[in-house]
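Visitor: Below is the structure I would like to discuss, written out as structure tokens.
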Amino acid sequence: MQRNGHAVLPHRRAVLGGLLAAPFVMRSGPALARPSRIASLDYALAQHMLVLGSPPMALADAHEWDKWVAEPPLPADIIDLGTSLSPNIELLAALRPDLVLTTDFVGMAEPQISRMAPVERLTIYSDGGTPLPKAFETVRRLGTILGLEERAEAYLAETESFFAACAERARPFREKPILLLSFLDPRHARVYARPGMQQDVLDRLGLQNAWTGEGFYWGFATVGLEELAKAGDAVAMADYMPPDIKATLEQSPLWLSLPFRRNRGPIPVLPTVAAFGGVPAARRWATLILDALERQAA
Amino acid sequence: MPRGAGRLVLVMGLLALALGAYFLAPRLPLLMQPPTEGYDPARMVLVYATLPRLVMAVLCGAALGASGALLQQALRNPLASPTTLGIDAGARLALGAVTLFYPALFGWGRDVVALAGSGVAAALVFGLSRRQDFSPVALILSGLLVSLYCGALAAALTLVESRYLASLFVWGSGSLSQQSWTPTFDLAIRLAVLVVPIALLARPLSLLDLGEDAARGLGLNVAYLRLGAVALAVLLAAFTASSVGVIGFVGLVAPILVRLAGARSFGRSLAAATAVGALLLLLTDLLVQMAAGLSADFLPTGAVTALLGSPILLWLLPRVTVRLRKEAAAMPAMRSYALAMRRGVLPVFIIGALLIVLTLIALAVERAPNAEWQLLSAADVSHILPFRWPRVLAAVGAGLLLGSAGFLLQRLTGNEMASPEILGVSSGATFAMAVALFVSGVPSLATVTASAALGAALVLGLILFLSRRSGFQPERMLLAGIALSALLDAVIGVLSAAGDPRALQLLSWLTGAGFAAEPMSTLVSLALVALGIIAALCLVRWLDIFQLGAVTAQELGVPLGLARVLLLALVAGTTAVATPLVGPLTFVGFIAPNLVRLLGLRHSGTALLSSALTGAAILVTADWVARTVAFPFQLPTGLVASLVGAPLLLWLLQRRPA
Amino acid sequence: MTAQAATPDRASAEKGFVLEDVRFAVDGATILHPLSARIGGGQVLGLVGANGSGKSTLLRILARQTAPSSGRVSFGGRALADWGARDLAREIAYLPQYPQTGIGLTAREVVALGRYPWHGPFGRFTANDAARTDEALRVTETTDFADRTLDTLSGGERQRVWLAMLVAQDAGCLLLDEPTSALDISHQIEVLSLIRRLAHESGRCIVIVLHDVNMASRFCDRVMGLRGGRLVVSEGIHDFMTPQSLRTVYGLDMQILPHATHPAGVAIPN
């Protein structure tokens with residue numbers, strides 16, 4: 001009866017909605033044959049493909065890889081698809097991919113993409129849970145899709161032992177909380193916080209985060225610098241600091257009086273590392289944090 | 001008991017005093033401690049963050065309130081505000097460009113870079129309106145265009161380089177956060193310099209209330225007076241923006257509130273607007289600082305002001321009985337070159353043919369994967385065309401809709417600043433889309449489209465309901481729309497300043513970057529386009545008569561209320577169909593009718609069709625440029641539409657001799 | 001002359017105004033005190049009075065641009081409020097004191113818009129409509145600049161175009177608010193003669209706000225004088241042009257001098 005009722009009174013919007021939704025219904029699962037022409041709209045998934053030894057054919061924002069991700073290095077022949085939020089659909093179609101990887105964040109383009117190729121949505125940063133376990137899960141899933149299950153398991157096992165070694169290296173620094181910043185302008189910064197990838201890394205290393213407030217699921221909070229007074233004494237480091245900011249900061253009486261600045265001098269800036277990356281990014285964060293801690297202790 | 005505006009200032013002042021006392025009482029004793037007594041972060045925060053921030057709020061609010069009052073008086077338009085003249089957009093573009101290309105320039109200080117950006121934008125505005133003796137219409141149009149242009153460029157930069165330019169989001173939402181007294185002192189000094197010239201201009205400006213001719217008769221050089229007043233207003237706003245970022249709402253609403261409260265003489269309303277602006281921002285910032293203690297969310301004061309203020313404006317609107325719009329600034333007479341094109345349907349055919357050519361180019365000329373220019377190859381037809389034609393046709397449809405909606409609205413309101421983008425219908429669509437985005441988390445095109453249509457319908461209902469008591473007075477509806485748009489901007493501002501990447505998704509959609517037309521939705525929209533334009537053509541006679549003014553329209557037996565409701569519903573309906581296609585920020589609905597007006601087409605039927613076709617031509621061109629020019633990047637279609645349309649309009653504006 | 005002046009009742013039964021206790025107030029200030037009157041056709045009725053006496057307000061009430069605060073206005077035996085918008089526009093045409101400026105339409109286009117009450121939003125613009133438009137341009141002597149846009153015309157030319165639009169509207173009753181204020185003396189005479197002709201030849205009812213007593217004396221058949229929002233005088237032009245009536249309306253002593261073409265004479269302040 002219910003269905004009949006709808007059929008008798010077709011509503012334009014319902015019809016329209018149905019038509020728009022059709023691509024989702026028709027979307028096929030992973031193709032039977034192993035996909036080989038894969039495009040990724042997400043850095044983290046591309047990182048995972050690289051460590052599995054099967055680089056993507058095309059990647060959104062590929063030209064900025066060296067500025068924001070760096071590790072692992074991206075082969076030069078990977079085609080840039082434009083920005084991840086509005087990838088070049090026509091270019092993608094011309095490349096005739098047999099699989100396109102998306103995330104919740106870049107999912108808006110899916111209806112169009114699914115008219116040309118199967119879509120696989122693998123989201124690491126989403127509500128609920130923390131990113132690192134989800135990143136592990138996408139490595140496994142990509143392993144299955146690419147037929148590289150064993151390599152995926154081997155990489156994850158190696159990652160576990162890498163973190164174990166790092167935790168050992170971090171033992172001397174367990175007492176000092178760490179403050180991880182990303183500067184926006186001379187008055188504001190992002191603080192990496194629970195439940196982010198950086199927090200997962202700190203947890204694996206057995207280190208404390210000096211910022212106890214929660215961020216949202218991308219794992220940071222935006223604050224005015226005066227709020228950093230709440231962090232108390234800590235070892236601070238930043239993954240990004242625009243060139244003009246240091247000069248301004250070092251003239252601010254408030255900044256100079258913040259405990260982590262007063263006790264430890266100007267804060268170090270880390271080399272390039274993906275802020276919202278996958279497992280390789282997590283490993284790089286661990287290395288960079290430990291390097292900075294050891295350099296400061298020396 | 002003081003009356004009117006004085007009472008408003010008194011009430012707000014008492015409120016601010018009470019709130020300030022409540023907020024500062026537990027903290028002030030810290031000041032009494034001798035500073036040598038070791039290190040105390042709480043005291044440092046009070047001295048170098050909390051107190052300078054409150055002073056900053058007062059300074060910025062006062063400057064913006066005064067700036068808005070000056071502009072609304074000098075430009076004779078209650079919808080004018082510092083944002084209108086491109087001050088914020090110029091500064092934003094300068095900051096974005098310097099971040100990306102010459103970060104070394106920040107060595108001079110970010111405020112200097114922002115100020116330079118505002119200055120260049122304002123100089124452009126003045127340069128463009130110089131030939132028309134700085135007439136209000138010319139200033140407003142040039143201001144809107146420069147603002148559009150810089151804003152579009154800045155937004156395009158932001159979308160392509162979102163990681164570098166995250167700071168622009170914070171800047172754009174007006175955070176008052178401070179860590180030293182330096183910026184506060186700098187701003188105070190800069191503003192202090194302006195006080196005397198403003199005081200000197202207050203009395204001559206008040207003579208403008210008599211009308212320009214009368215003012216001229218009293219010995220005023222009206223053009224220079226206006227130039228001076230606008231320049232001062234620009235400086236006030238530019239100094240503010242360079243210190244703290246964009247605080248858009250205060251400059252618009254403070255003078256309006258003062259006028260609603262009953263201030264009549266300009267000197268009084270300037271003083272009251274300054275006070276109300278300062279108190280408005282101070283009150284908001286006190287609330288924000290108190291809320292910051294309760295939650296960890298980052299709340300930028302500028303955006304929160306609009307968030308709190310726009311519902312108040314909406315709530316006040318139906319209660320107001322005073323006339324909001326000052327005497328309409330009469331359009332200068334058209335020159336005879338325009339007369340040649342005035343009659344007949346020839347222009348319609350010319351623009352129509354142009355549209356067809358542009359559509360064919362947009363379909364056939366492309367960039368190959370290796371970025372070479374080429375014609376669509378036969379081999380690619382089956383691969384690429386299925387993704388291209390819906391997009392191109394959607395651009396045509398959306399352009400037709402927005403072009404005609406803009407024309408209808410400008411005729412209906414008699415205000416050349418009107419466009420469907422500011423009627424609030426687009427904002428409603430966007431709002432609903434934002435809600436869908438945040439509730440569902442995982443957006444799909446179907447939910448987005450459905451919620452956009454629903455949002456547009458709801459806002460239309462709301463606007464009609466709010467304007468019912470005023471007899472659907474167009475000015476009031478524009479104000480309601482502006483309040484709704486400000487509310488939307490504020491929500492996006494709060495979200496994006498906090499760094500929520502979903503704000504980037506929203507911005508991407510707002511600017512038409514997610515321009516993702518599906519074949520079926522495109523065809524349905526085109527059918528609706530045909531319906532809309534036929535309906536509009538039926539009402540052409542009313543549109544003609546509206547040009548003679550409301551009194552004559554009524555005298556001739558046009559049912560004014562009904563006509564307004566029907567036309568408004570048509571505008572809202574067409575906007576609601578177009579918005580999901582290209583996003584709400586194309587400004588095609590603003591540019592196309594103004595282009596047609598400058599071409600000298602006045603007959604409603606011809607002008608309506610020309611405006612629709614021009615809108616379509618702009619959007620098709622914009623979409624083609626967006627797809628190809630920065631290949632492989634797809635620029636946001638909506639933004640490129642501004643970039644394509646604005647120069648055209650500027651060129652026509654310049655061609656028109658004084 | 002006398003025959004025309006003596007027929008105020010001819011059309012008033014069907015096509016005339018009846019006002020009963022019409023009052024108008026804004027924010028507690030009474031602009032118009034309760035006023036009752038009958039205004040009929042075939043004559044030129046002048047509304048005179050000092051500035052602020054309420055004459056424009058009364059005219060706006062007759063034109064249904066403003067609703068009275070209390071009291072009843074009927075036209076043609078039907079309450080004014082009950083008329084359909086276009087039905088009323090075919091009967092009553094109104095020219096405000098300050099019509100819209102900045103109009104980019106040509107004079108002919110504006111005059112043609114006067115035909116709207118007859119063809120409505122969807123009807124065809126017929127040959128008859130076109131003929132009426134041409135006729136209106138001709139009788140107002142605006143044909144010469146019919147194809148220029150309104151904002152390129154002088155104030156007087158523009159005012160005659162507005163009058164032409166009213167003529168094209170072909171209403172039985174014309175309400176004019178100082179229609180000669182922007183005209184030079186020769187055009188004042190021409191326009192007022194035209195208005196008078198419209199009244200006397202086609203039996204139209206014309207209500208006209210005039211501030212010039214002597215123009216009223218020359219062209220009006222009857223006069224209603226207002227002072228401080230009260231109707232103080234309502235009489236034929238010969239009775240009005242007396243020192244007593246003029247003092248009642250203007251509070252000023254004047255003497256009436258005979259004049260060759262003004263049968264009621266001209267008034268000169270003492």
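As shown in the structure tokens, the chain order sets the letters A, B, ...; within each chain, residues go from 1, and ligands are also counted from 1 in the order they appear.
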Please return, as a compact mmCIF listing (two decimals) with N, CA and C atoms, in the first residue's frame, all residues of range 4-250 of chain A that DSSP assigns to helix (DSSP H, G or I) on the basis of the backbone.

Guide:
```txt
# COMPACT_ATOMS: atom_id res chain seq x y z
N ASN A 4 2.30 1.80 -3.28
CA ASN A 4 1.31 2.29 -4.22
C ASN A 4 1.03 3.77 -4.01
N GLY A 5 0.93 4.10 -2.75
CA GLY A 5 0.67 5.50 -2.45
C GLY A 5 1.70 6.41 -3.10
N HIS A 6 2.93 6.01 -3.06
CA HIS A 6 3.97 6.81 -3.69
C HIS A 6 3.79 6.85 -5.19
N ALA A 7 3.41 5.68 -5.72
CA ALA A 7 3.30 5.62 -7.18
C ALA A 7 2.15 6.48 -7.68
N VAL A 8 1.10 6.55 -6.87
CA VAL A 8 -0.06 7.32 -7.30
C VAL A 8 0.26 8.82 -7.25
N ARG A 12 7.63 15.47 -7.63
CA ARG A 12 8.75 15.81 -8.50
C ARG A 12 10.08 15.60 -7.78
N ARG A 13 10.11 16.05 -6.55
CA ARG A 13 11.37 16.00 -5.85
C ARG A 13 11.78 14.55 -5.57
N ALA A 14 10.74 13.72 -5.29
CA ALA A 14 11.03 12.33 -5.04
C ALA A 14 11.60 11.69 -6.30
N VAL A 15 10.99 12.01 -7.42
CA VAL A 15 11.46 11.46 -8.68
C VAL A 15 12.89 11.92 -8.94
N LEU A 16 13.07 13.19 -8.74
CA LEU A 16 14.39 13.77 -8.97
C LEU A 16 15.42 13.13 -8.05
N GLY A 17 15.04 13.02 -6.79
CA GLY A 17 15.95 12.42 -5.82
C GLY A 17 16.31 11.00 -6.21
N GLY A 18 15.31 10.27 -6.65
CA GLY A 18 15.55 8.89 -7.05
C GLY A 18 16.53 8.82 -8.20
N LEU A 19 16.34 9.70 -9.15
CA LEU A 19 17.23 9.70 -10.30
C LEU A 19 18.65 10.05 -9.90
N LEU A 20 18.73 10.99 -8.96
CA LEU A 20 20.06 11.39 -8.53
C LEU A 20 20.73 10.27 -7.75
N ALA A 21 19.91 9.51 -7.04
CA ALA A 21 20.47 8.48 -6.18
C ALA A 21 20.83 7.24 -6.99
N ALA A 22 20.31 7.14 -8.21
CA ALA A 22 20.50 5.92 -9.00
C ALA A 22 21.97 5.49 -9.08
N PRO A 23 22.90 6.41 -9.28
CA PRO A 23 24.29 5.97 -9.39
C PRO A 23 24.77 5.21 -8.17
N PHE A 24 24.24 5.59 -6.99
CA PHE A 24 24.67 4.87 -5.79
C PHE A 24 24.21 3.43 -5.83
N VAL A 25 22.96 3.27 -6.28
CA VAL A 25 22.38 1.93 -6.31
C VAL A 25 23.16 1.07 -7.30
N MET A 26 23.50 1.69 -8.40
CA MET A 26 24.13 0.91 -9.45
C MET A 26 25.62 0.70 -9.20
N TYR A 43 45.37 12.01 0.15
CA TYR A 43 46.80 11.79 0.40
C TYR A 43 47.06 10.50 1.18
N ALA A 44 46.29 10.30 2.25
CA ALA A 44 46.58 9.17 3.14
C ALA A 44 46.45 7.85 2.37
N LEU A 45 45.42 7.73 1.54
CA LEU A 45 45.23 6.49 0.79
C LEU A 45 46.36 6.33 -0.22
N ALA A 46 46.81 7.45 -0.80
CA ALA A 46 47.94 7.36 -1.73
C ALA A 46 49.20 6.91 -1.00
N GLN A 47 49.39 7.44 0.22
CA GLN A 47 50.53 6.99 1.03
C GLN A 47 50.50 5.47 1.20
N HIS A 48 49.31 4.97 1.51
CA HIS A 48 49.18 3.52 1.74
C HIS A 48 49.47 2.73 0.47
N MET A 49 49.01 3.22 -0.68
CA MET A 49 49.30 2.53 -1.92
C MET A 49 50.80 2.52 -2.18
N LEU A 50 51.45 3.64 -1.86
CA LEU A 50 52.89 3.72 -2.09
C LEU A 50 53.64 2.70 -1.23
N VAL A 51 53.27 2.60 0.04
CA VAL A 51 54.01 1.66 0.90
C VAL A 51 53.70 0.22 0.52
N ALA A 62 48.34 16.39 -6.32
CA ALA A 62 49.65 15.72 -6.36
C ALA A 62 50.81 16.71 -6.31
N HIS A 63 50.63 17.89 -6.93
CA HIS A 63 51.75 18.82 -7.01
C HIS A 63 52.17 19.37 -5.66
N GLU A 64 51.29 19.23 -4.67
CA GLU A 64 51.64 19.79 -3.36
C GLU A 64 52.18 18.74 -2.40
N TRP A 65 52.33 17.53 -2.89
CA TRP A 65 52.78 16.42 -2.05
C TRP A 65 54.05 16.79 -1.29
N ASP A 66 55.01 17.35 -2.00
CA ASP A 66 56.31 17.61 -1.36
C ASP A 66 56.20 18.69 -0.28
N LYS A 67 55.22 19.59 -0.45
CA LYS A 67 55.09 20.67 0.54
C LYS A 67 54.41 20.19 1.81
N TRP A 68 53.50 19.22 1.70
CA TRP A 68 52.67 18.90 2.86
C TRP A 68 52.78 17.45 3.33
N ILE A 89 36.88 16.10 -13.23
CA ILE A 89 36.12 14.91 -13.61
C ILE A 89 36.43 14.50 -15.05
N GLU A 90 36.55 15.49 -15.92
CA GLU A 90 36.79 15.15 -17.32
C GLU A 90 38.17 14.52 -17.51
N LEU A 91 39.15 15.06 -16.80
CA LEU A 91 40.49 14.47 -16.87
C LEU A 91 40.44 13.04 -16.35
N LEU A 92 39.73 12.88 -15.24
CA LEU A 92 39.60 11.54 -14.66
C LEU A 92 38.96 10.59 -15.67
N ALA A 93 37.91 11.07 -16.34
CA ALA A 93 37.23 10.23 -17.32
C ALA A 93 38.18 9.88 -18.46
N ALA A 94 38.99 10.86 -18.88
CA ALA A 94 39.91 10.61 -19.99
C ALA A 94 40.96 9.56 -19.61
N LEU A 95 41.26 9.48 -18.32
CA LEU A 95 42.27 8.52 -17.88
C LEU A 95 41.70 7.10 -17.78
N GLY A 107 33.67 13.00 -0.69
CA GLY A 107 32.65 12.14 -1.27
C GLY A 107 31.66 12.85 -2.19
N MET A 108 31.69 14.21 -2.20
CA MET A 108 30.70 14.94 -3.00
C MET A 108 30.76 14.61 -4.48
N ALA A 109 31.93 14.25 -4.97
CA ALA A 109 32.07 14.03 -6.40
C ALA A 109 31.66 12.60 -6.80
N GLU A 110 31.33 11.77 -5.81
CA GLU A 110 31.08 10.35 -6.10
C GLU A 110 30.01 10.09 -7.15
N PRO A 111 28.86 10.81 -7.11
CA PRO A 111 27.83 10.48 -8.11
C PRO A 111 28.36 10.55 -9.52
N GLN A 112 29.21 11.53 -9.79
CA GLN A 112 29.75 11.65 -11.14
C GLN A 112 30.81 10.59 -11.40
N ILE A 113 31.68 10.39 -10.43
CA ILE A 113 32.76 9.43 -10.64
C ILE A 113 32.20 8.03 -10.86
N PRO A 131 42.07 7.90 14.55
CA PRO A 131 42.49 7.65 13.16
C PRO A 131 43.43 6.46 12.96
N LEU A 132 44.36 6.23 13.89
CA LEU A 132 45.39 5.23 13.59
C LEU A 132 44.80 3.84 13.34
N PRO A 133 43.91 3.33 14.22
CA PRO A 133 43.32 2.00 13.92
C PRO A 133 42.59 1.99 12.58
N LYS A 134 41.91 3.12 12.26
CA LYS A 134 41.19 3.16 10.98
C LYS A 134 42.19 3.16 9.83
N ALA A 135 43.33 3.80 10.02
CA ALA A 135 44.36 3.81 8.98
C ALA A 135 44.87 2.38 8.76
N PHE A 136 45.10 1.68 9.86
CA PHE A 136 45.51 0.27 9.75
C PHE A 136 44.49 -0.49 8.91
N GLU A 137 43.23 -0.25 9.22
CA GLU A 137 42.15 -0.97 8.54
C GLU A 137 42.18 -0.68 7.03
N THR A 138 42.42 0.59 6.65
CA THR A 138 42.43 0.89 5.20
C THR A 138 43.64 0.25 4.52
N VAL A 139 44.76 0.11 5.25
CA VAL A 139 45.91 -0.59 4.66
C VAL A 139 45.50 -2.03 4.32
N ARG A 140 44.81 -2.67 5.26
CA ARG A 140 44.38 -4.06 5.02
C ARG A 140 43.42 -4.11 3.84
N ARG A 141 42.47 -3.17 3.84
CA ARG A 141 41.45 -3.19 2.78
C ARG A 141 42.09 -2.96 1.41
N LEU A 142 43.04 -2.04 1.35
CA LEU A 142 43.74 -1.80 0.09
C LEU A 142 44.54 -3.04 -0.32
N GLY A 143 45.11 -3.70 0.67
CA GLY A 143 45.83 -4.95 0.39
C GLY A 143 44.91 -5.94 -0.29
N THR A 144 43.70 -6.08 0.23
CA THR A 144 42.74 -7.01 -0.36
C THR A 144 42.41 -6.58 -1.79
N ILE A 145 42.12 -5.30 -1.97
CA ILE A 145 41.71 -4.82 -3.30
C ILE A 145 42.83 -5.02 -4.31
N LEU A 146 44.06 -4.74 -3.87
CA LEU A 146 45.19 -4.81 -4.81
C LEU A 146 45.75 -6.22 -4.92
N GLU A 149 47.59 -8.68 0.04
CA GLU A 149 47.26 -8.89 1.46
C GLU A 149 48.51 -9.12 2.30
N GLU A 150 49.42 -9.94 1.75
CA GLU A 150 50.58 -10.30 2.56
C GLU A 150 51.47 -9.10 2.81
N ARG A 151 51.64 -8.30 1.75
CA ARG A 151 52.48 -7.13 1.93
C ARG A 151 51.85 -6.17 2.94
N ALA A 152 50.55 -6.05 2.91
CA ALA A 152 49.86 -5.18 3.86
C ALA A 152 50.10 -5.66 5.29
N GLU A 153 49.91 -6.96 5.51
CA GLU A 153 50.11 -7.50 6.87
C GLU A 153 51.56 -7.31 7.31
N ALA A 154 52.47 -7.52 6.39
CA ALA A 154 53.89 -7.38 6.73
C ALA A 154 54.19 -5.94 7.12
N TYR A 155 53.62 -4.99 6.37
CA TYR A 155 53.88 -3.58 6.66
C TYR A 155 53.32 -3.20 8.02
N LEU A 156 52.11 -3.70 8.31
CA LEU A 156 51.49 -3.36 9.60
C LEU A 156 52.28 -3.98 10.75
N ALA A 157 52.75 -5.21 10.55
CA ALA A 157 53.54 -5.86 11.60
C ALA A 157 54.83 -5.07 11.82
N GLU A 158 55.44 -4.64 10.72
CA GLU A 158 56.69 -3.89 10.83
C GLU A 158 56.42 -2.56 11.54
N THR A 159 55.24 -1.96 11.26
CA THR A 159 54.87 -0.71 11.92
C THR A 159 54.75 -0.90 13.43
N GLU A 160 54.13 -2.03 13.83
CA GLU A 160 54.00 -2.31 15.27
C GLU A 160 55.38 -2.36 15.93
N SER A 161 56.32 -3.03 15.27
CA SER A 161 57.62 -3.13 15.92
C SER A 161 58.34 -1.79 15.88
N PHE A 162 58.07 -0.98 14.82
CA PHE A 162 58.64 0.35 14.76
C PHE A 162 58.15 1.20 15.94
N PHE A 163 56.84 1.14 16.19
CA PHE A 163 56.30 1.92 17.33
C PHE A 163 56.86 1.42 18.65
N ALA A 164 57.04 0.11 18.76
CA ALA A 164 57.60 -0.45 20.00
C ALA A 164 58.99 0.12 20.23
N ALA A 165 59.79 0.17 19.15
CA ALA A 165 61.15 0.70 19.27
C ALA A 165 61.10 2.18 19.65
N CYS A 166 60.17 2.90 19.03
CA CYS A 166 60.03 4.32 19.34
C CYS A 166 59.65 4.54 20.79
N ALA A 167 58.75 3.70 21.30
CA ALA A 167 58.33 3.83 22.69
C ALA A 167 59.53 3.68 23.60
N GLU A 168 60.42 2.77 23.24
CA GLU A 168 61.65 2.57 24.00
C GLU A 168 62.48 3.86 23.99
N ARG A 169 62.63 4.45 22.76
CA ARG A 169 63.39 5.68 22.61
C ARG A 169 62.77 6.82 23.40
N ALA A 170 61.42 6.78 23.56
CA ALA A 170 60.71 7.88 24.20
C ALA A 170 60.75 7.79 25.72
N ARG A 171 61.22 6.67 26.26
CA ARG A 171 61.15 6.43 27.70
C ARG A 171 61.69 7.60 28.53
N PRO A 172 62.85 8.20 28.13
CA PRO A 172 63.38 9.30 28.99
C PRO A 172 62.49 10.53 29.01
N PHE A 173 61.55 10.65 28.07
CA PHE A 173 60.78 11.90 27.97
C PHE A 173 59.36 11.77 28.49
N MET A 197 45.40 11.90 14.95
CA MET A 197 46.50 10.99 14.61
C MET A 197 47.70 11.27 15.50
N GLN A 198 47.98 12.60 15.73
CA GLN A 198 49.14 12.97 16.55
C GLN A 198 48.98 12.42 17.97
N GLN A 199 47.72 12.47 18.48
CA GLN A 199 47.45 11.94 19.81
C GLN A 199 47.69 10.43 19.83
N ASP A 200 47.24 9.74 18.77
CA ASP A 200 47.46 8.30 18.68
C ASP A 200 48.96 8.00 18.73
N VAL A 201 49.74 8.82 18.01
CA VAL A 201 51.19 8.60 17.99
C VAL A 201 51.76 8.80 19.40
N LEU A 202 51.36 9.92 20.05
CA LEU A 202 51.85 10.17 21.41
C LEU A 202 51.51 9.00 22.32
N ASP A 203 50.28 8.49 22.18
CA ASP A 203 49.86 7.36 23.00
C ASP A 203 50.76 6.15 22.75
N ARG A 204 51.05 5.89 21.47
CA ARG A 204 51.90 4.73 21.15
C ARG A 204 53.30 4.89 21.75
N LEU A 205 53.78 6.14 21.80
CA LEU A 205 55.12 6.39 22.32
C LEU A 205 55.12 6.48 23.84
N LEU A 225 46.57 32.52 20.89
CA LEU A 225 47.80 32.06 21.54
C LEU A 225 47.75 32.22 23.06
N GLU A 226 46.96 33.22 23.55
CA GLU A 226 46.93 33.42 25.00
C GLU A 226 46.39 32.20 25.72
N GLU A 227 45.57 31.40 25.00
CA GLU A 227 45.00 30.22 25.66
C GLU A 227 46.04 29.14 25.92
N LEU A 228 47.20 29.26 25.26
CA LEU A 228 48.23 28.25 25.47
C LEU A 228 48.77 28.32 26.89
N ALA A 229 48.43 29.40 27.62
CA ALA A 229 48.82 29.46 29.01
C ALA A 229 48.29 28.27 29.78
N LYS A 230 47.15 27.74 29.31
CA LYS A 230 46.55 26.59 29.97
C LYS A 230 47.45 25.35 29.90
N ALA A 231 48.33 25.31 28.88
CA ALA A 231 49.12 24.10 28.68
C ALA A 231 50.20 23.93 29.75
N ILE A 245 56.00 34.98 11.48
CA ILE A 245 55.37 34.87 12.79
C ILE A 245 56.38 34.90 13.92
N LYS A 246 57.52 34.27 13.69
CA LYS A 246 58.48 34.15 14.77
C LYS A 246 58.85 35.54 15.30
N ALA A 247 59.13 36.47 14.38
CA ALA A 247 59.54 37.81 14.80
C ALA A 247 58.47 38.47 15.66
N THR A 248 57.20 38.36 15.21
CA THR A 248 56.11 38.98 15.96
C THR A 248 55.99 38.33 17.34
N LEU A 249 56.07 37.00 17.35
CA LEU A 249 55.90 36.27 18.61
C LEU A 249 56.96 36.69 19.62
```

Visitor: With a distance cut-off of 10 Å and only C-alpha atoms, select the neighbouring residues of Val273 in chain A, excluding the residue or stretch itself and same-chain residues fewer than 6 positions from it, and output the selection as a list of chain:residue names.

Guide: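 Answer for this query is A:Asp66, A:Lys67, A:Trp68, A:Val69, A:Ala70, A:Glu71, A:Asp239, A:Tyr240, A:Pro280, A:Ala281, A:Ala282, A:Arg283, A:Arg284, A:Trp285, A:Leu288.
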
Visitor: Selected residues, C-alpha atoms, written as a PDB file, in the first residue's frame, please.

Guide:
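The resulting file, out-v2.pdb, is reproduced below:
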```pdb
ATOM      1  CA  ASP A  66      56.310  17.608  -1.359  1.00  0.00           C
ATOM      2  CA  LYS A  67      55.089  20.666   0.541  1.00  0.00           C
ATOM      3  CA  TRP A  68      52.669  18.903   2.858  1.00  0.00           C
ATOM      4  CA  VAL A  69      53.392  15.149   2.891  1.00  0.00           C
ATOM      5  CA  ALA A  70      56.976  14.521   1.723  1.00  0.00           C
ATOM      6  CA  GLU A  71      57.153  10.882   2.863  1.00  0.00           C
ATOM      7  CA  ASP A 239      54.888  21.515  12.212  1.00  0.00           C
ATOM      8  CA  TYR A 240      54.224  24.783  10.390  1.00  0.00           C
ATOM      9  CA  PRO A 280      53.403   6.416   7.080  1.00  0.00           C
ATOM     10  CA  ALA A 281      52.552   9.883   8.377  1.00  0.00           C
ATOM     11  CA  ALA A 282      52.044   8.488  11.878  1.00  0.00           C
ATOM     12  CA  ARG A 283      55.477   6.895  11.724  1.00  0.00           C
ATOM     13  CA  ARG A 284      57.032  10.122  10.500  1.00  0.00           C
ATOM     14  CA  TRP A 285      55.400  12.081  13.337  1.00  0.00           C
ATOM     15  CA  LEU A 288      60.193  13.784  14.134  1.00  0.00           C
TER      16      LEU A 288
END
```

Visitor: Tell me which protein, DNA and RNA residues are within 10 Å of Ile237 in chain C, counting only C-alpha atoms, leaving out same-chain ones fewer than 3 positions away, and put them as a short mmCIF file (atom, residue, chain, number, x, y, z; two decimals) with C-alpha atoms, in the first residue's frame.

Guide:
```
data_model
loop_
_atom_site.label_atom_id
_atom_site.label_comp_id
_atom_site.auth_asym_id
_atom_site.auth_seq_id
_atom_site.Cartn_x
_atom_site.Cartn_y
_atom_site.Cartn_z
CA ALA C 5 -21.17 75.80 -13.38
CA LEU C 45 -13.15 71.49 -8.60
CA GLY C 46 -10.20 73.33 -7.08
CA ALA C 216 -8.19 78.80 -9.57
CA SER C 217 -10.30 81.84 -10.30
CA ARG C 218 -9.77 81.46 -14.01
CA PHE C 219 -10.09 77.70 -14.46
CA CYS C 220 -12.14 76.24 -11.62
CA ASP C 221 -15.91 76.01 -11.47
CA ARG C 222 -16.06 75.30 -7.80
CA VAL C 223 -13.62 75.54 -4.93
CA MET C 224 -13.19 73.68 -1.69
CA SER C 234 -17.17 75.04 -0.48
CA PHE C 240 -15.15 82.17 -3.48
CA MET C 241 -13.51 85.17 -5.07
CA THR C 242 -14.65 87.50 -2.33
CA PRO C 263 -14.95 86.44 -14.87
CA ALA C 264 -14.46 86.04 -11.15
CA GLY C 265 -11.72 88.64 -11.09
#
```
